[in-house]
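Heads up, the thing below is written out as structure tokens.
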Amino acid sequence: MEDKKNEVYSRTDSSKVNISNDEWKKLLPADVYNIAREKGTEWAFSGKYWNSKEKGTYYCAACGNPLFVSDAKFESSCGWPSFFQPLTKTSVIYAPDNTHGMQRTEVMCGRCKAHLGHVFDDGPPPTGLRYCINSVILDFDKAQEADKNYKDKKE
């Protein structure tokens, strides 16, 4: 079920979102704004999804764009949620990041260009990639099948 968090948030609209950081600041909670627009990073092992094993889909917390599915999530011991591939080729976009004396590849939302984290080439097969993503910038929806099975067991 889609939770309309702000005027641009949609899990079905794939049109690009291009608004100013001033507008984003009005729309987003401070912690989400810090990650999404100021390229912040949450502390390792502190995010709500770094160790989650629930089945479902991860969305951009800024705009609702579908980003990753739990089937592509793996334990990397880095302290952030790690995925070996995005949901689709257009779910994320990339940019060089040479800040902090490192050469990395930044991962951004393919719809609103929110900073998500970074991708590294030390992940598992089949891609060999590790998308290291901040929990703060992720929304999660449990898989409907898992919800249904849980409800069936309760009744």
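Residue numbering restarts at 1 for every chain of the structure tokens, chains are lettered A, B, ... in their displayed order, and ligands are numbered from 1 as they appear.
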
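Summary of the local environment: counting only C-alpha atoms, residues at most 9 Å from stretch 12-20 of chain A, other than itself and those fewer than 4 positions away along its chain, are Glu2, Val8, Trp24, Lys25, Cys63, Gly64, Asn65, Pro66, Gly110, Arg111, Cys112 and Lys113 of chain A.
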
Compile the contact shell of A:Asn6 as a PDB file with N, CA and C atoms, in the first residue's frame: residues with an atom at most 9 Å away, counting only C-alpha atoms, same-chain residues fewer than 6 positions apart removed.
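Below you can see part-v7.pdb, which holds the result:
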```pdb
ATOM      1  N   LEU A  27       9.981  19.240   2.048  1.00  0.00           N
ATOM      2  CA  LEU A  27       9.234  17.985   1.883  1.00  0.00           C
ATOM      3  C   LEU A  27       9.744  16.829   2.743  1.00  0.00           C
ATOM      4  N   LEU A  28      11.038  16.808   3.033  1.00  0.00           N
ATOM      5  CA  LEU A  28      11.636  15.632   3.659  1.00  0.00           C
ATOM      6  C   LEU A  28      11.956  15.846   5.139  1.00  0.00           C
ATOM      7  N   ALA A  62      12.611   9.336  -0.412  1.00  0.00           N
ATOM      8  CA  ALA A  62      12.340  10.702  -0.863  1.00  0.00           C
ATOM      9  C   ALA A  62      11.204  10.743  -1.882  1.00  0.00           C
ATOM     10  N   CYS A  63      11.236   9.820  -2.875  1.00  0.00           N
ATOM     11  CA  CYS A  63      10.263   9.923  -3.976  1.00  0.00           C
ATOM     12  C   CYS A  63       9.416   8.670  -4.214  1.00  0.00           C
TER      13      CYS A  63
END
```

Task: Gap from atom CA of A:Ala36 to atom CA of A:Asn134 - Å, one decimal - done: 9.5 Å

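The shell of residues at most 8 Å from A:Trp50, with only C-alpha atoms counted and near chain neighbours (fewer than 5 positions) removed, consists of A:Phe45, A:Gly79, A:Trp80, A:Pro81, A:Ser82, A:Ser135.
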
- [ ] Using DSSP on the backbone coordinates, identify the residues of chain A assigned to strand (DSSP E or B); present them as an MDAnalysis selection string.
- [x] chainID A and resid 56:60 66:69 73:74 82:83 92:97 104:109 115:120 130:133 138:142

Dump as a CSV table (one decimal), in the first residue's frame, selection limited to N, CA and C atoms:
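The resulting file, out.csv, is shown below:
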```csv
chain,number,residue,atom,x,y,z
A,56,GLY,N,10.6,-8.5,0.7
A,56,GLY,CA,9.8,-7.4,0.2
A,56,GLY,C,10.6,-6.5,-0.8
A,57,THR,N,10.1,-5.3,-0.9
A,57,THR,CA,10.7,-4.3,-1.9
A,57,THR,C,11.2,-3.1,-1.1
A,58,TYR,N,12.3,-2.5,-1.5
A,58,TYR,CA,12.9,-1.3,-0.9
A,58,TYR,C,12.6,-0.2,-1.9
A,59,TYR,N,12.2,1.0,-1.4
A,59,TYR,CA,11.8,2.1,-2.2
A,59,TYR,C,12.6,3.3,-1.7
A,60,CYS,N,12.8,4.3,-2.6
A,60,CYS,CA,13.4,5.6,-2.2
A,60,CYS,C,12.5,6.3,-1.2
A,66,PRO,N,10.9,2.4,-6.8
A,66,PRO,CA,11.3,1.1,-6.4
A,66,PRO,C,12.8,0.9,-6.7
A,67,LEU,N,13.6,0.5,-5.7
A,67,LEU,CA,15.0,0.4,-5.9
A,67,LEU,C,15.6,-1.0,-5.9
A,68,PHE,N,15.3,-1.8,-4.9
A,68,PHE,CA,15.9,-3.1,-4.6
A,68,PHE,C,14.8,-4.0,-4.1
A,69,VAL,N,15.0,-5.3,-4.3
A,69,VAL,CA,14.2,-6.4,-3.7
A,69,VAL,C,15.0,-7.2,-2.7
A,73,LYS,N,19.4,-8.9,-1.6
A,73,LYS,CA,20.1,-8.4,-0.4
A,73,LYS,C,20.9,-9.5,0.2
A,74,PHE,N,22.1,-9.2,0.7
A,74,PHE,CA,23.0,-10.2,1.3
A,74,PHE,C,23.7,-9.6,2.5
A,82,SER,N,23.1,-4.2,2.1
A,82,SER,CA,23.9,-4.5,0.9
A,82,SER,C,23.1,-5.3,-0.1
A,83,PHE,N,23.1,-4.9,-1.3
A,83,PHE,CA,22.4,-5.6,-2.4
A,83,PHE,C,23.4,-5.9,-3.5
A,92,VAL,N,18.4,3.0,-10.4
A,92,VAL,CA,19.5,3.8,-9.9
A,92,VAL,C,20.4,4.4,-11.0
A,93,ILE,N,21.1,5.4,-10.6
A,93,ILE,CA,22.0,6.0,-11.5
A,93,ILE,C,23.4,6.2,-10.8
A,94,TYR,N,24.4,6.5,-11.5
A,94,TYR,CA,25.8,6.4,-10.9
A,94,TYR,C,26.5,7.7,-11.2
A,95,ALA,N,27.4,8.1,-10.3
A,95,ALA,CA,28.3,9.2,-10.5
A,95,ALA,C,29.6,9.0,-9.8
A,96,PRO,N,30.7,9.4,-10.4
A,96,PRO,CA,32.0,9.3,-9.7
A,96,PRO,C,32.0,10.1,-8.4
A,97,ASP,N,32.6,9.6,-7.3
A,97,ASP,CA,32.7,10.3,-6.1
A,97,ASP,C,34.1,10.2,-5.6
A,104,ARG,N,35.3,6.4,-5.5
A,104,ARG,CA,34.2,5.5,-5.3
A,104,ARG,C,33.1,5.8,-6.4
A,105,THR,N,32.1,5.0,-6.5
A,105,THR,CA,31.0,5.3,-7.3
A,105,THR,C,29.7,5.5,-6.5
A,106,GLU,N,29.2,6.7,-6.6
A,106,GLU,CA,28.0,7.0,-5.9
A,106,GLU,C,26.8,6.4,-6.6
A,107,VAL,N,25.8,5.9,-5.8
A,107,VAL,CA,24.6,5.4,-6.3
A,107,VAL,C,23.5,6.4,-5.9
A,108,MET,N,22.7,6.8,-6.9
A,108,MET,CA,21.6,7.7,-6.6
A,108,MET,C,20.3,7.1,-7.2
A,109,CYS,N,19.2,7.6,-6.6
A,109,CYS,CA,17.8,7.2,-7.1
A,109,CYS,C,17.7,7.6,-8.6
A,115,HIS,N,20.8,10.8,-3.1
A,115,HIS,CA,22.0,10.0,-2.7
A,115,HIS,C,21.5,8.8,-1.9
A,116,LEU,N,21.9,7.6,-2.3
A,116,LEU,CA,21.6,6.4,-1.6
A,116,LEU,C,22.7,5.8,-0.9
A,117,GLY,N,23.9,5.8,-1.5
A,117,GLY,CA,25.1,5.2,-1.0
A,117,GLY,C,26.1,5.0,-2.1
A,118,HIS,N,26.9,3.9,-2.0
A,118,HIS,CA,27.9,3.6,-3.0
A,118,HIS,C,27.9,2.2,-3.5
A,119,VAL,N,28.5,1.9,-4.6
A,119,VAL,CA,28.6,0.6,-5.1
A,119,VAL,C,30.1,0.2,-5.2
A,120,PHE,N,30.4,-1.0,-4.8
A,120,PHE,CA,31.7,-1.6,-4.8
A,120,PHE,C,31.8,-2.9,-5.6
A,130,ARG,N,28.5,-4.8,-4.8
A,130,ARG,CA,27.9,-4.6,-3.4
A,130,ARG,C,27.4,-3.2,-3.4
A,131,TYR,N,26.1,-3.0,-3.5
A,131,TYR,CA,25.4,-1.7,-3.3
A,131,TYR,C,25.3,-1.5,-1.8
A,132,CYS,N,26.0,-0.6,-1.3
A,132,CYS,CA,26.0,-0.3,0.2
A,132,CYS,C,25.1,0.9,0.4
A,133,ILE,N,24.0,0.7,0.9
A,133,ILE,CA,22.9,1.7,0.9
A,133,ILE,C,22.5,2.2,2.3
A,138,LEU,N,15.7,4.5,2.6
A,138,LEU,CA,14.9,3.4,2.2
A,138,LEU,C,13.6,3.3,2.9
A,139,ASP,N,12.6,3.0,2.1
A,139,ASP,CA,11.3,2.6,2.7
A,139,ASP,C,11.2,1.1,2.3
A,140,PHE,N,10.4,0.4,3.1
A,140,PHE,CA,10.3,-1.1,2.8
A,140,PHE,C,8.9,-1.5,2.9
A,141,ASP,N,8.5,-2.3,1.9
A,141,ASP,CA,7.1,-2.9,1.9
A,141,ASP,C,7.3,-4.4,2.0
A,142,LYS,N,6.8,-5.0,3.0
A,142,LYS,CA,6.8,-6.5,3.1
A,142,LYS,C,6.1,-7.1,1.9
```

Task: Contact residues around A:Pro126 with only C-alpha atoms at 12 Å, ignoring same-chain residues under 3 positions, as a PyMOL selection string - done: chain A and resi 72+83-85+121-123+129-130

TODO: Give me, please, the distance in Å between atom CA of A:Lys39 and atom CA of A:Ala114, quoted to one decimal.
DONE: 8.1 Å
